[in-house]
file structure36.cif (mmCIF, C-alpha atoms)
data_run
#
loop_
_atom_site.label_atom_id
_atom_site.label_comp_id
_atom_site.auth_asym_id
_atom_site.auth_seq_id
_atom_site.Cartn_x
_atom_site.Cartn_y
_atom_site.Cartn_z
CA MET A 1 -26.01 14.08 9.19
CA GLN A 2 -24.04 13.29 12.29
CA GLY A 3 -25.91 11.51 15.04
CA THR A 4 -28.70 10.34 12.72
CA ASP A 5 -29.28 6.68 11.89
CA MET A 6 -29.95 6.54 8.17
CA ASP A 7 -32.12 3.72 6.81
CA TYR A 8 -30.41 3.37 3.42
CA ALA A 9 -32.73 0.56 2.31
CA ALA A 10 -35.77 2.78 2.87
CA LEU A 11 -34.00 5.70 1.18
CA PHE A 12 -33.23 3.58 -1.89
CA ALA A 13 -36.78 2.23 -2.04
CA ALA A 14 -38.26 5.75 -1.86
CA THR A 15 -35.97 7.39 -4.42
CA PRO A 16 -38.18 8.77 -7.22
CA SER A 17 -35.73 7.90 -10.01
CA PRO A 18 -35.83 4.30 -11.31
CA TYR A 19 -32.83 2.29 -10.08
CA LEU A 20 -31.50 -1.25 -10.47
CA VAL A 21 -28.48 -2.69 -8.65
CA LEU A 22 -26.55 -5.22 -10.75
CA ALA A 23 -23.88 -7.68 -9.66
CA ARG A 24 -20.70 -8.07 -11.74
CA ASP A 25 -22.42 -10.78 -13.80
CA LEU A 26 -25.24 -8.28 -14.54
CA VAL A 27 -27.74 -10.19 -12.42
CA ILE A 28 -30.32 -7.91 -10.75
CA VAL A 29 -29.76 -7.92 -6.97
CA GLU A 30 -31.95 -4.96 -5.96
CA VAL A 31 -34.62 -2.73 -7.51
CA ASN A 32 -36.55 0.26 -6.20
CA GLU A 33 -40.24 1.03 -6.42
CA ALA A 34 -39.79 3.68 -9.12
CA TYR A 35 -38.18 1.13 -11.45
CA LEU A 36 -40.99 -1.34 -10.84
CA CYS A 37 -43.53 1.36 -11.74
CA ALA A 38 -41.61 2.42 -14.86
CA THR A 39 -41.39 -1.15 -16.19
CA ARG A 40 -44.63 -2.46 -14.69
CA ARG A 41 -42.75 -5.41 -13.17
CA THR A 42 -42.74 -7.07 -9.77
CA ARG A 43 -39.69 -7.57 -7.58
CA GLN A 44 -40.09 -11.34 -7.92
CA ALA A 45 -39.94 -11.05 -11.71
CA LEU A 46 -36.69 -9.07 -11.66
CA LEU A 47 -34.55 -10.13 -8.68
CA GLY A 48 -32.05 -12.85 -9.51
CA GLN A 49 -32.53 -12.39 -13.26
CA HIS A 50 -29.86 -11.32 -15.74
CA ILE A 51 -30.82 -7.83 -16.88
CA PHE A 52 -31.05 -8.84 -20.55
CA GLU A 53 -33.20 -11.86 -19.68
CA ALA A 54 -35.54 -9.84 -17.47
CA LEU A 55 -35.68 -7.06 -20.10
CA PRO A 56 -34.63 -8.79 -23.30
CA GLY A 57 -35.66 -6.25 -25.93
CA SER A 58 -37.96 -7.06 -28.82
CA PRO A 59 -37.10 -10.30 -30.70
CA ALA A 60 -38.21 -8.48 -33.85
CA GLU A 61 -35.20 -6.17 -33.38
CA PRO A 62 -32.45 -8.36 -31.86
CA ASN A 63 -29.78 -5.81 -32.74
CA ALA A 64 -31.68 -2.73 -31.61
CA ASP A 65 -29.45 0.16 -30.63
CA GLY A 66 -30.86 0.39 -27.09
CA VAL A 67 -29.90 -3.18 -26.22
CA ARG A 68 -26.50 -2.99 -27.92
CA ASN A 69 -25.62 0.39 -26.41
CA LEU A 70 -26.62 -0.66 -22.89
CA LYS A 71 -24.49 -3.80 -23.12
CA ALA A 72 -21.52 -1.71 -24.28
CA SER A 73 -22.03 0.81 -21.48
CA LEU A 74 -22.17 -1.83 -18.73
CA HIS A 75 -19.05 -3.49 -20.14
CA ARG A 76 -17.20 -0.15 -20.08
CA VAL A 77 -18.13 0.37 -16.44
CA LEU A 78 -16.83 -3.08 -15.49
CA VAL A 79 -13.55 -2.54 -17.36
CA THR A 80 -12.79 1.09 -16.43
CA GLY A 81 -14.47 1.34 -13.03
CA GLU A 82 -15.85 4.73 -14.07
CA PRO A 83 -19.46 5.96 -14.42
CA ASP A 84 -20.97 5.97 -17.91
CA THR A 85 -23.73 8.37 -18.95
CA MET A 86 -25.65 7.29 -22.04
CA ALA A 87 -27.60 9.34 -24.55
CA VAL A 88 -31.39 8.86 -24.66
CA GLN A 89 -32.09 5.30 -25.82
CA ARG A 90 -35.08 3.57 -27.39
CA TYR A 91 -35.66 0.23 -25.68
CA ASP A 92 -38.62 -2.07 -26.44
CA ILE A 93 -39.69 -4.03 -23.36
CA PRO A 94 -42.29 -6.76 -22.93
CA VAL A 95 -45.68 -5.74 -21.57
CA GLY A 96 -46.01 -7.06 -18.04
CA ASP A 97 -48.93 -9.48 -18.45
CA ARG A 98 -48.35 -10.10 -22.17
CA PRO A 99 -44.72 -11.25 -22.47
CA ASP A 100 -44.93 -11.69 -26.25
CA VAL A 101 -46.04 -8.09 -26.79
CA PHE A 102 -43.44 -5.31 -26.67
CA GLU A 103 -43.89 -1.59 -26.17
CA GLU A 104 -41.59 1.23 -27.21
CA ARG A 105 -39.88 3.04 -24.32
CA TRP A 106 -37.36 5.89 -24.25
CA TRP A 107 -34.87 5.96 -21.38
CA SER A 108 -32.00 8.20 -20.29
CA PRO A 109 -29.60 5.73 -18.57
CA VAL A 110 -26.63 6.29 -16.24
CA ASN A 111 -24.47 3.37 -15.03
CA THR A 112 -22.41 3.96 -11.89
CA PRO A 113 -19.85 1.48 -10.45
CA ILE A 114 -19.66 0.62 -6.75
CA PRO A 115 -16.23 -0.74 -5.73
CA GLY A 116 -15.77 -3.74 -3.45
CA PRO A 117 -13.12 -4.12 -0.70
CA ASP A 118 -10.37 -4.81 -3.26
CA GLY A 119 -11.20 -1.70 -5.29
CA SER A 120 -12.63 -3.54 -8.29
CA VAL A 121 -16.24 -3.08 -9.43
CA ALA A 122 -18.54 -5.16 -7.24
CA TRP A 123 -21.93 -3.71 -8.27
CA ILE A 124 -23.38 -1.33 -10.82
CA ILE A 125 -26.20 1.08 -10.07
CA HIS A 126 -28.28 1.41 -13.25
CA ARG A 127 -30.50 4.48 -13.33
CA ALA A 128 -33.01 4.71 -16.18
CA GLU A 129 -35.08 7.89 -16.27
CA ASP A 130 -38.18 7.19 -18.36
CA VAL A 131 -38.70 10.01 -20.92
CA THR A 132 -41.22 8.10 -23.01
CA GLU A 133 -44.08 10.52 -22.34
CA TYR A 134 -41.96 13.45 -23.48
CA VAL A 135 -41.20 11.70 -26.74
CA ARG A 136 -44.85 10.75 -27.27
CA THR A 137 -46.28 14.15 -26.48
CA HIS A 138 -45.92 17.13 -28.83
CA PRO A 139 -46.91 20.27 -26.93
CA LEU A 140 -47.13 22.41 -30.11
CA SER A 141 -49.84 20.27 -31.77
CA PRO A 142 -52.72 19.38 -29.41
CA ASP A 143 -55.14 18.46 -32.19
CA PRO A 144 -55.41 14.77 -33.03
CA GLY A 145 -55.07 13.43 -36.52
CA ILE A 146 -52.49 12.97 -39.19
CA LYS A 147 -50.81 16.29 -38.49
CA HIS A 148 -50.27 15.33 -34.85
CA LEU A 149 -48.94 11.89 -35.83
CA THR A 150 -46.56 13.39 -38.39
CA GLU A 151 -45.25 15.99 -35.95
CA ARG A 152 -44.82 13.38 -33.23
CA GLU A 153 -42.86 11.14 -35.55
CA ALA A 154 -40.74 14.13 -36.60
CA LEU A 155 -40.05 14.92 -32.95
CA GLU A 156 -39.11 11.31 -32.28
CA ALA A 157 -36.80 11.28 -35.28
CA GLU A 158 -35.20 14.55 -34.19
CA LEU A 159 -34.72 13.35 -30.62
CA TYR A 160 -33.31 10.06 -31.79
CA ALA A 161 -30.92 11.80 -34.19
CA ARG A 162 -29.68 14.04 -31.37
CA ALA A 163 -29.30 11.00 -29.13
CA ARG A 164 -27.18 9.29 -31.79
CA GLU A 165 -25.04 12.41 -32.12
CA LEU A 166 -24.52 12.41 -28.37
CA GLN A 167 -23.64 8.71 -28.47
CA VAL A 168 -20.98 9.36 -31.13
CA LEU A 169 -19.64 12.33 -29.18
CA ASN A 170 -19.46 10.28 -25.98
CA GLU A 171 -17.56 7.57 -27.81
CA GLU A 172 -15.11 10.11 -29.23
CA LEU A 173 -14.58 11.56 -25.75
CA ARG A 174 -13.96 8.08 -24.34
CA GLN A 175 -11.41 7.36 -27.05
CA ALA A 176 -9.66 10.66 -26.36
CA HIS A 177 -9.62 9.87 -22.64
CA ASN A 178 -8.18 6.42 -23.35
CA ARG A 179 -5.44 7.98 -25.50
CA GLU A 180 -4.65 10.48 -22.73
CA ARG A 181 -4.54 7.65 -20.20
CA GLN A 182 -2.16 5.65 -22.40
CA VAL A 183 0.15 8.65 -22.74
CA ALA A 184 0.05 9.05 -18.96
CA VAL A 185 0.88 5.38 -18.40
CA THR A 186 3.80 5.57 -20.83
CA LEU A 187 5.07 8.70 -19.07
CA GLN A 188 4.83 7.06 -15.64
CA GLU A 189 6.62 3.92 -16.81
CA ALA A 190 9.42 6.02 -18.31
CA MET A 191 9.88 8.03 -15.11
CA LEU A 192 9.90 4.90 -12.92
CA GLN A 193 12.60 3.16 -14.96
CA ALA A 194 15.22 1.63 -12.62
CA PRO A 195 17.89 -0.01 -14.83
CA ASP A 196 19.69 -1.60 -11.88
CA LEU A 197 16.52 -3.38 -10.78
CA ALA A 198 17.01 -6.04 -13.47
CA ARG A 199 20.06 -7.33 -11.55
CA HIS A 200 18.08 -7.89 -8.37
CA GLY A 201 15.92 -11.00 -8.38
CA ASN A 202 15.63 -10.48 -4.63
CA VAL A 203 13.72 -7.21 -5.05
CA ALA A 204 10.02 -6.76 -5.89
CA VAL A 205 8.47 -3.38 -6.68
CA ARG A 206 4.88 -2.27 -7.13
CA TYR A 207 3.26 1.00 -8.20
CA LEU A 208 -0.51 1.55 -7.98
CA PRO A 209 -2.00 4.90 -9.03
CA ALA A 210 -4.79 6.41 -6.99
CA THR A 211 -8.21 5.21 -8.15
CA GLY A 212 -9.81 7.73 -10.46
CA SER A 213 -6.47 9.26 -11.47
CA LEU A 214 -4.91 9.31 -14.94
CA ASN A 215 -2.45 6.63 -13.74
CA VAL A 216 0.17 9.27 -12.97
CA CYS A 217 0.81 10.46 -9.45
CA GLY A 218 3.60 11.62 -7.19
CA ASP A 219 4.83 8.37 -5.61
CA TRP A 220 8.03 6.68 -6.74
CA TYR A 221 10.48 3.87 -6.04
CA ASP A 222 14.12 3.39 -7.06
CA VAL A 223 16.88 0.78 -6.90
CA VAL A 224 20.53 1.84 -7.37
CA ASP A 225 23.66 -0.33 -7.45
CA LEU A 226 26.75 1.00 -5.62
CA PRO A 227 30.40 -0.17 -5.52
CA ASP A 228 31.53 -3.17 -3.45
CA GLY A 229 28.26 -5.07 -3.72
CA ARG A 230 26.20 -2.41 -1.94
CA PHE A 231 22.87 -1.15 -3.26
CA ALA A 232 20.33 1.48 -2.28
CA VAL A 233 16.53 1.48 -2.39
CA ALA A 234 14.18 4.40 -1.98
CA VAL A 235 10.54 5.42 -2.04
CA GLY A 236 9.07 8.92 -2.06
CA ASP A 237 5.78 10.77 -2.14
CA VAL A 238 5.08 14.17 -3.73
CA VAL A 239 1.96 15.93 -2.45
CA GLY A 240 -0.89 15.84 -4.97
CA HIS A 241 -1.86 13.81 -8.03
CA GLY A 242 -1.80 14.16 -11.78
CA LEU A 243 0.77 15.28 -14.29
CA GLU A 244 2.08 18.18 -12.18
CA ALA A 245 2.86 15.91 -9.22
CA ALA A 246 4.36 13.34 -11.56
CA ALA A 247 6.68 15.96 -13.08
CA VAL A 248 7.92 17.00 -9.64
CA MET A 249 8.34 13.33 -8.75
CA GLY A 250 10.50 12.77 -11.83
CA MET A 251 12.83 15.64 -10.94
CA LEU A 252 13.26 14.67 -7.28
CA ARG A 253 13.64 10.97 -8.02
CA SER A 254 16.37 11.66 -10.57
CA ALA A 255 18.14 14.04 -8.18
CA LEU A 256 18.10 11.50 -5.35
CA SER A 257 19.29 8.71 -7.64
CA ALA A 258 22.23 10.85 -8.80
CA ALA A 259 23.04 12.03 -5.26
CA ILE A 260 23.29 8.54 -3.78
CA ARG A 261 25.58 7.43 -6.62
CA ALA A 262 27.93 10.34 -5.97
CA LEU A 263 27.80 10.53 -2.17
CA GLU A 264 26.84 6.96 -1.20
CA ARG A 265 25.64 8.05 2.27
CA PRO A 266 21.83 8.27 2.53
CA ALA A 267 21.83 11.29 4.85
CA GLN A 268 24.07 13.32 2.54
CA ALA A 269 22.04 12.34 -0.50
CA MET A 270 18.84 13.45 1.27
CA GLU A 271 20.47 16.77 2.21
CA VAL A 272 21.34 17.49 -1.42
CA VAL A 273 17.84 16.65 -2.62
CA GLY A 274 16.33 18.70 0.20
CA LEU A 275 18.29 21.75 -0.95
CA TYR A 276 17.31 21.10 -4.57
CA ALA A 277 13.63 20.72 -3.61
CA ARG A 278 13.54 24.35 -2.43
CA SER A 279 13.90 25.47 -6.03
CA VAL A 280 11.26 23.12 -7.44
CA GLU A 281 7.70 24.42 -7.42
CA GLY A 282 5.36 21.83 -5.96
CA ALA A 283 8.12 19.96 -4.08
CA LEU A 284 7.30 21.36 -0.64
CA ASN A 285 6.51 18.65 1.94
CA THR A 286 7.63 15.79 -0.29
CA THR A 287 8.52 12.80 1.88
CA ALA A 288 11.16 10.20 1.04
CA VAL A 289 13.26 7.48 2.63
CA LYS A 290 16.58 6.16 1.35
CA ALA A 291 18.18 2.92 2.62
CA MET A 292 21.60 1.59 1.62
CA VAL A 293 22.23 -2.13 2.07
CA ASP A 294 25.86 -3.07 2.77
CA THR A 295 26.02 -6.79 2.06
CA ARG A 296 29.55 -7.09 3.45
CA SER A 297 28.83 -5.75 6.92
CA ARG A 298 25.17 -6.84 6.83
CA LEU A 299 24.09 -3.36 7.76
CA ILE A 300 21.20 -1.18 6.56
CA ILE A 301 22.03 2.54 6.66
CA TYR A 302 19.02 4.78 6.24
CA SER A 303 17.68 8.33 6.42
CA SER A 304 14.07 9.50 6.27
CA ALA A 305 12.51 12.84 5.37
CA GLY A 306 9.12 12.72 7.05
CA HIS A 307 8.28 9.33 5.54
CA PRO A 308 6.55 6.30 7.13
CA PRO A 309 9.25 4.04 8.60
CA PRO A 310 10.60 1.05 6.63
CA VAL A 311 10.04 -2.36 8.22
CA LEU A 312 12.66 -5.06 8.75
CA VAL A 313 10.95 -8.45 8.91
CA HIS A 314 12.74 -11.49 10.33
CA PRO A 315 11.86 -14.99 9.06
CA GLU A 316 10.36 -15.96 12.41
CA GLY A 317 7.80 -13.17 11.96
CA VAL A 318 9.31 -10.46 14.19
CA CYS A 319 9.14 -6.93 12.72
CA GLU A 320 11.21 -3.84 13.50
CA PHE A 321 10.50 -0.29 12.37
CA LEU A 322 13.50 1.63 11.06
CA ASP A 323 12.52 4.90 12.74
CA GLN A 324 15.73 6.20 14.31
CA ALA A 325 16.68 8.67 11.56
CA THR A 326 13.50 10.63 10.82
CA ASP A 327 13.53 14.31 9.86
CA PRO A 328 10.96 16.76 8.41
CA PRO A 329 9.91 16.46 4.73
CA LEU A 330 12.00 17.90 1.91
CA ALA A 331 12.10 21.72 1.67
CA ALA A 332 10.16 22.02 4.95
CA ARG A 333 12.94 23.79 6.90
CA PRO A 334 13.74 27.42 6.05
CA GLN A 335 17.40 26.86 6.93
CA HIS A 336 19.68 23.97 6.01
CA VAL A 337 20.28 21.44 8.80
CA PRO A 338 22.24 18.17 8.35
CA ARG A 339 19.91 15.20 8.12
CA PRO A 340 20.19 12.24 10.51
CA GLN A 341 21.29 8.74 9.56
CA ALA A 342 21.06 5.43 11.41
CA GLY A 343 22.25 1.85 10.96
CA GLN A 344 20.40 -1.41 11.52
CA PRO A 345 22.07 -4.85 11.38
CA TYR A 346 20.25 -7.55 9.47
CA THR A 347 20.45 -11.32 9.06
CA PRO A 348 20.42 -13.01 5.65
CA GLY A 349 16.82 -14.02 4.93
CA ASP A 350 15.30 -10.89 6.47
CA LEU A 351 12.86 -8.75 4.45
CA LEU A 352 13.25 -5.00 4.06
CA VAL A 353 9.97 -3.26 3.19
CA LEU A 354 9.67 0.36 2.01
CA TYR A 355 6.28 1.84 1.10
CA THR A 356 4.33 5.08 0.72
CA ASP A 357 1.46 6.13 2.95
CA GLY A 358 -1.26 5.07 0.52
CA LEU A 359 -0.56 1.49 1.62
CA ILE A 360 -1.48 2.10 5.25
CA GLU A 361 -3.53 5.29 5.61
CA ARG A 362 -7.32 5.12 5.82
CA ARG A 363 -9.68 8.02 6.45
CA ASP A 364 -11.49 6.28 9.27
CA GLU A 365 -8.49 5.10 11.32
CA SER A 366 -5.26 6.36 12.89
CA ILE A 367 -1.83 5.91 11.31
CA GLU A 368 -0.92 3.61 14.22
CA GLU A 369 -3.78 1.29 13.26
CA GLY A 370 -2.55 1.24 9.67
CA LEU A 371 0.99 0.36 10.78
CA ARG A 372 -0.38 -2.39 12.99
CA ARG A 373 -2.26 -3.96 10.10
CA LEU A 374 0.88 -3.73 7.94
CA VAL A 375 3.03 -5.50 10.52
CA GLU A 376 0.46 -8.23 11.10
CA ALA A 377 0.27 -8.92 7.35
CA LEU A 378 4.07 -8.96 6.96
CA CYS A 379 4.39 -11.43 9.82
CA ARG A 380 2.00 -13.78 8.02
CA TYR A 381 3.90 -13.67 4.73
CA SER A 382 7.50 -13.30 5.92
CA THR A 383 8.71 -16.59 4.40
CA LEU A 384 7.30 -16.01 0.90
CA SER A 385 9.30 -14.70 -2.04
CA PRO A 386 9.35 -10.87 -2.46
CA GLU A 387 6.98 -11.06 -5.44
CA ARG A 388 4.48 -13.17 -3.54
CA VAL A 389 4.81 -11.01 -0.43
CA ALA A 390 4.03 -7.92 -2.53
CA ASP A 391 0.89 -9.44 -4.04
CA ALA A 392 -0.31 -10.95 -0.76
CA LEU A 393 0.32 -7.70 1.12
CA LEU A 394 -1.67 -5.57 -1.33
CA ALA A 395 -4.55 -8.05 -1.27
CA ASP A 396 -4.50 -8.38 2.52
CA LEU A 397 -4.61 -4.61 3.02
CA GLY A 398 -7.45 -4.27 0.50
CA VAL A 399 -5.60 -2.14 -2.07
CA ALA A 400 -4.82 -4.65 -4.83
CA GLY A 401 -7.22 -2.78 -7.13
CA GLY A 402 -5.99 0.65 -6.06
CA ALA A 403 -6.75 3.01 -3.18
CA ARG A 404 -7.70 6.66 -2.64
CA ASP A 405 -3.99 7.51 -2.66
CA ASP A 406 -1.26 6.17 -4.90
CA ILE A 407 1.08 3.46 -3.60
CA ALA A 408 4.74 2.65 -4.14
CA LEU A 409 6.16 -0.51 -2.58
CA VAL A 410 9.64 -2.07 -2.48
CA ILE A 411 10.32 -5.47 -0.90
CA VAL A 412 13.89 -6.78 -0.57
CA ARG A 413 14.96 -10.26 0.51
CA LEU A 414 18.28 -9.59 2.20
#
call {"tool": "encode", "arguments": {"input": "structure36.cif", "output": "structure tokens"}}
result
Amino acid sequence: MQGTDMDYAALFAATPSPYLVLARDLVIVEVNEAYLCATRRTRQALLGQHIFEALPGSPAEPNADGVRNLKASLHRVLVTGEPDTMAVQRYDIPVGDRPDVFEERWWSPVNTPIPGPDGSVAWIIHRAEDVTEYVRTHPLSPDPGIKHLTEREALEAELYARARELQVLNEELRQAHNRERQVAVTLQEAMLQAPDLARHGNVAVRYLPATGSLNVCGDWYDVVDLPDGRFAVAVGDVVGHGLEAAAVMGMLRSALSAAIRALERPAQAMEVVGLYARSVEGALNTTAVKAMVDTRSRLIIYSSAGHPPPVLVHPEGVCEFLDQATDPPLAARPQHVPRPQAGQPYTPGDLLVLYTDGLIERRDESIEEGLRRLVEALCRYSTLSPERVADALLADLGVAGGARDDIALVIVRL
């Protein structure tokens, strides 16, 4: 609602569903009125308490499923950063004014992570819909007596059995998702193999998938050795996420790696890959930048296809954008046009930084603001080793735990 000041604290307090907000250590930091009514607790009794100390479960059943399953669910949320919906759970809680007396409750919990500035889980919103009255009430048998008790117990048993079935099914789905994620990670690692990288202790690389993805996306990096002590580095970005984008990435990355080995001039290599990209479905508007470092002449020769400009960082903290050879993205032109190329001298000790737009782009700011923040961070860390610069840069820009878009980063100490 544009133009409207929203009181989120009042909104949270008035929400009819019971909610807790937990810190990473599972200490209760906020609670709404509906949760207080459902548990018959006061804010003072809950705030600042560990959830399993405030609501410990019956000591007569220390291994009750409700307690064990809730602990497992919260742990999964902290580890995966993904929401976790639980089956209906039985949870015995102490009666408010009689702490040694416990009552049976049935809850339908959902645990939702809230990321902090670094992308990791900072809080968990725990929603617990109370379905106790539904379990206790049997609409088909209004008459009191043994028959009603028997039918109620049968209903409870049936509901609990279905809840257990759902719990098992959820666990099987989680295991299948974990297997799929592991396959995706293995695929990504295979496609990002850069054999020549092992010979470059002066080069650091990083790849961070977009948060919420299967760990496979369309960004890539590459390092290629060339004759006479020269070497080339590249980063690229295929539009989209997931296995389809990753497959396109693998084809274009391999083509560019082969082209630079055969042609050795970045502009020519980019032309070849641009022509190839026209025949690859999903390659339209892929951006990439290729830079060749000639250690003899101390010259960086580069060509860019619609990609954010590399940065040359001098030890004294001065930064230069390599933006004199920029052309449209791959496959964007209907007709072939030779791509531009430019050279930039460097001094031993300089840093060359290539990256994809996930490092700098934010929804609420301009690209110029993102580039400014990048340069300011690089100036602060210009004297560190490439590995330390990479880690410090990701942390400084708030993407060490991942961002909305995937990120590829190459840092070279020249």
call {"tool": "closest_residue", "arguments": {"input": "structure36.cif", "among": "A:Leu74, A:Leu47, A:Leu409, A:Leu284", "to": "Leu208 in chain A", "atoms": "only C-alpha atoms"}}
result
A:Leu409
call {"tool": "resolve_selection", "arguments": {"input": "structure36.cif", "expression": "the PyMOL selection byres ((chain A and resi 245) around 10)", "output": "VMD selection string"}}
result
chain A and resid 216 to 219 237 to 244 246 to 250 281 to 283
call {"tool": "residues_around", "arguments": {"input": "structure36.cif", "residues": "range 316-330 of chain A", "least_positions_apart": "6", "cutoff": "10 Å", "atoms": "all atoms listed in the file", "output": "ChimeraX atom specification"}}
result
/A:237-238,252,267,270-278,283-289,291,300-310,337-344,350-354,371,375-383
call {"tool": "write_last_selection", "arguments": {"input": "structure36.cif", "atoms": "C-alpha atoms", "output": "mmCIF file, keeping the file's coordinate frame"}}
result
data_model
loop_
_atom_site.group_PDB
_atom_site.id
_atom_site.type_symbol
_atom_site.label_atom_id
_atom_site.label_comp_id
_atom_site.auth_asym_id
_atom_site.auth_seq_id
_atom_site.Cartn_x
_atom_site.Cartn_y
_atom_site.Cartn_z
ATOM 1 C CA ASP A 237 5.780 10.770 -2.140
ATOM 2 C CA VAL A 238 5.080 14.170 -3.730
ATOM 3 C CA LEU A 252 13.260 14.670 -7.280
ATOM 4 C CA ALA A 267 21.830 11.290 4.850
ATOM 5 C CA MET A 270 18.840 13.450 1.270
ATOM 6 C CA GLU A 271 20.470 16.770 2.210
ATOM 7 C CA VAL A 272 21.340 17.490 -1.420
ATOM 8 C CA VAL A 273 17.840 16.650 -2.620
ATOM 9 C CA GLY A 274 16.330 18.700 0.200
ATOM 10 C CA LEU A 275 18.290 21.750 -0.950
ATOM 11 C CA TYR A 276 17.310 21.100 -4.570
ATOM 12 C CA ALA A 277 13.630 20.720 -3.610
ATOM 13 C CA ARG A 278 13.540 24.350 -2.430
ATOM 14 C CA ALA A 283 8.120 19.960 -4.080
ATOM 15 C CA LEU A 284 7.300 21.360 -0.640
ATOM 16 C CA ASN A 285 6.510 18.650 1.940
ATOM 17 C CA THR A 286 7.630 15.790 -0.290
ATOM 18 C CA THR A 287 8.520 12.800 1.880
ATOM 19 C CA ALA A 288 11.160 10.200 1.040
ATOM 20 C CA VAL A 289 13.260 7.480 2.630
ATOM 21 C CA ALA A 291 18.180 2.920 2.620
ATOM 22 C CA ILE A 300 21.200 -1.180 6.560
ATOM 23 C CA ILE A 301 22.030 2.540 6.660
ATOM 24 C CA TYR A 302 19.020 4.780 6.240
ATOM 25 C CA SER A 303 17.680 8.330 6.420
ATOM 26 C CA SER A 304 14.070 9.500 6.270
ATOM 27 C CA ALA A 305 12.510 12.840 5.370
ATOM 28 C CA GLY A 306 9.120 12.720 7.050
ATOM 29 C CA HIS A 307 8.280 9.330 5.540
ATOM 30 C CA PRO A 308 6.550 6.300 7.130
ATOM 31 C CA PRO A 309 9.250 4.040 8.600
ATOM 32 C CA PRO A 310 10.600 1.050 6.630
ATOM 33 C CA VAL A 337 20.280 21.440 8.800
ATOM 34 C CA PRO A 338 22.240 18.170 8.350
ATOM 35 C CA ARG A 339 19.910 15.200 8.120
ATOM 36 C CA PRO A 340 20.190 12.240 10.510
ATOM 37 C CA GLN A 341 21.290 8.740 9.560
ATOM 38 C CA ALA A 342 21.060 5.430 11.410
ATOM 39 C CA GLY A 343 22.250 1.850 10.960
ATOM 40 C CA GLN A 344 20.400 -1.410 11.520
ATOM 41 C CA ASP A 350 15.300 -10.890 6.470
ATOM 42 C CA LEU A 351 12.860 -8.750 4.450
ATOM 43 C CA LEU A 352 13.250 -5.000 4.060
ATOM 44 C CA VAL A 353 9.970 -3.260 3.190
ATOM 45 C CA LEU A 354 9.670 0.360 2.010
ATOM 46 C CA LEU A 371 0.990 0.360 10.780
ATOM 47 C CA VAL A 375 3.030 -5.500 10.520
ATOM 48 C CA GLU A 376 0.460 -8.230 11.100
ATOM 49 C CA ALA A 377 0.270 -8.920 7.350
ATOM 50 C CA LEU A 378 4.070 -8.960 6.960
ATOM 51 C CA CYS A 379 4.390 -11.430 9.820
ATOM 52 C CA ARG A 380 2.000 -13.780 8.020
ATOM 53 C CA TYR A 381 3.900 -13.670 4.730
ATOM 54 C CA SER A 382 7.500 -13.300 5.920
ATOM 55 C CA THR A 383 8.710 -16.590 4.400
#
call {"tool": "atom_distance", "arguments": {"input": "structure36.cif", "atom1": "CA of Met86 in chain A", "atom2": "CA of Ala72 in chain A"}}
result
10.2 Å
call {"tool": "residues_around", "arguments": {"input": "structure36.cif", "residues": "His126 in chain A", "least_positions_apart": "2", "cutoff": "7 Å", "atoms": "only C-alpha atoms", "output": "NGL selection string"}}
result
:A and (19-21 or 109-112 or 124 or 128)
call {"tool": "atom_distance", "arguments": {"input": "structure36.cif", "atom1": "CA of Val131 in chain A", "atom2": "CA of Thr39 in chain A"}}
result
12.4 Å
call {"tool": "residues_around", "arguments": {"input": "structure36.cif", "residues": "His200 in chain A", "least_positions_apart": "3", "cutoff": "9 Å", "atoms": "only C-alpha atoms", "output": "PyMOL selection string"}}
result
chain A and resi 196-197+203-204+223+412
call {"tool": "closest_residue", "arguments": {"input": "structure36.cif", "among": "A:Val235, A:Arg174, A:Ile51, A:Leu46", "to": "Thr80 in chain A", "atoms": "all atoms listed in the file"}}
result
A:Arg174
call {"tool": "residues_around", "arguments": {"input": "structure36.cif", "residues": "Arg230 in chain A", "least_positions_apart": "5", "cutoff": "6 Å", "atoms": "only C-alpha atoms", "output": "PDB file with C-alpha atoms, in the coordinates of the input"}}
result
ATOM      1  CA  VAL A 293      22.230  -2.130   2.070  1.00  0.00           C
ATOM      2  CA  ASP A 294      25.860  -3.070   2.770  1.00  0.00           C
ATOM      3  CA  THR A 295      26.020  -6.790   2.060  1.00  0.00           C
TER       4      THR A 295
END
call {"tool": "closest_residue", "arguments": {"input": "structure36.cif", "among": "A:Ser120, A:Gln44, A:Asn69, A:Ser366", "to": "Ala400 in chain A", "atoms": "all atoms listed in the file"}}
result
A:Ser120
call {"tool": "resolve_selection", "arguments": {"input": "structure36.cif", "expression": "the PyMOL selection byres ((chain A and resi 346) around 6)", "output": "PyMOL selection string"}}
result
chain A and resi 298-299+345+347
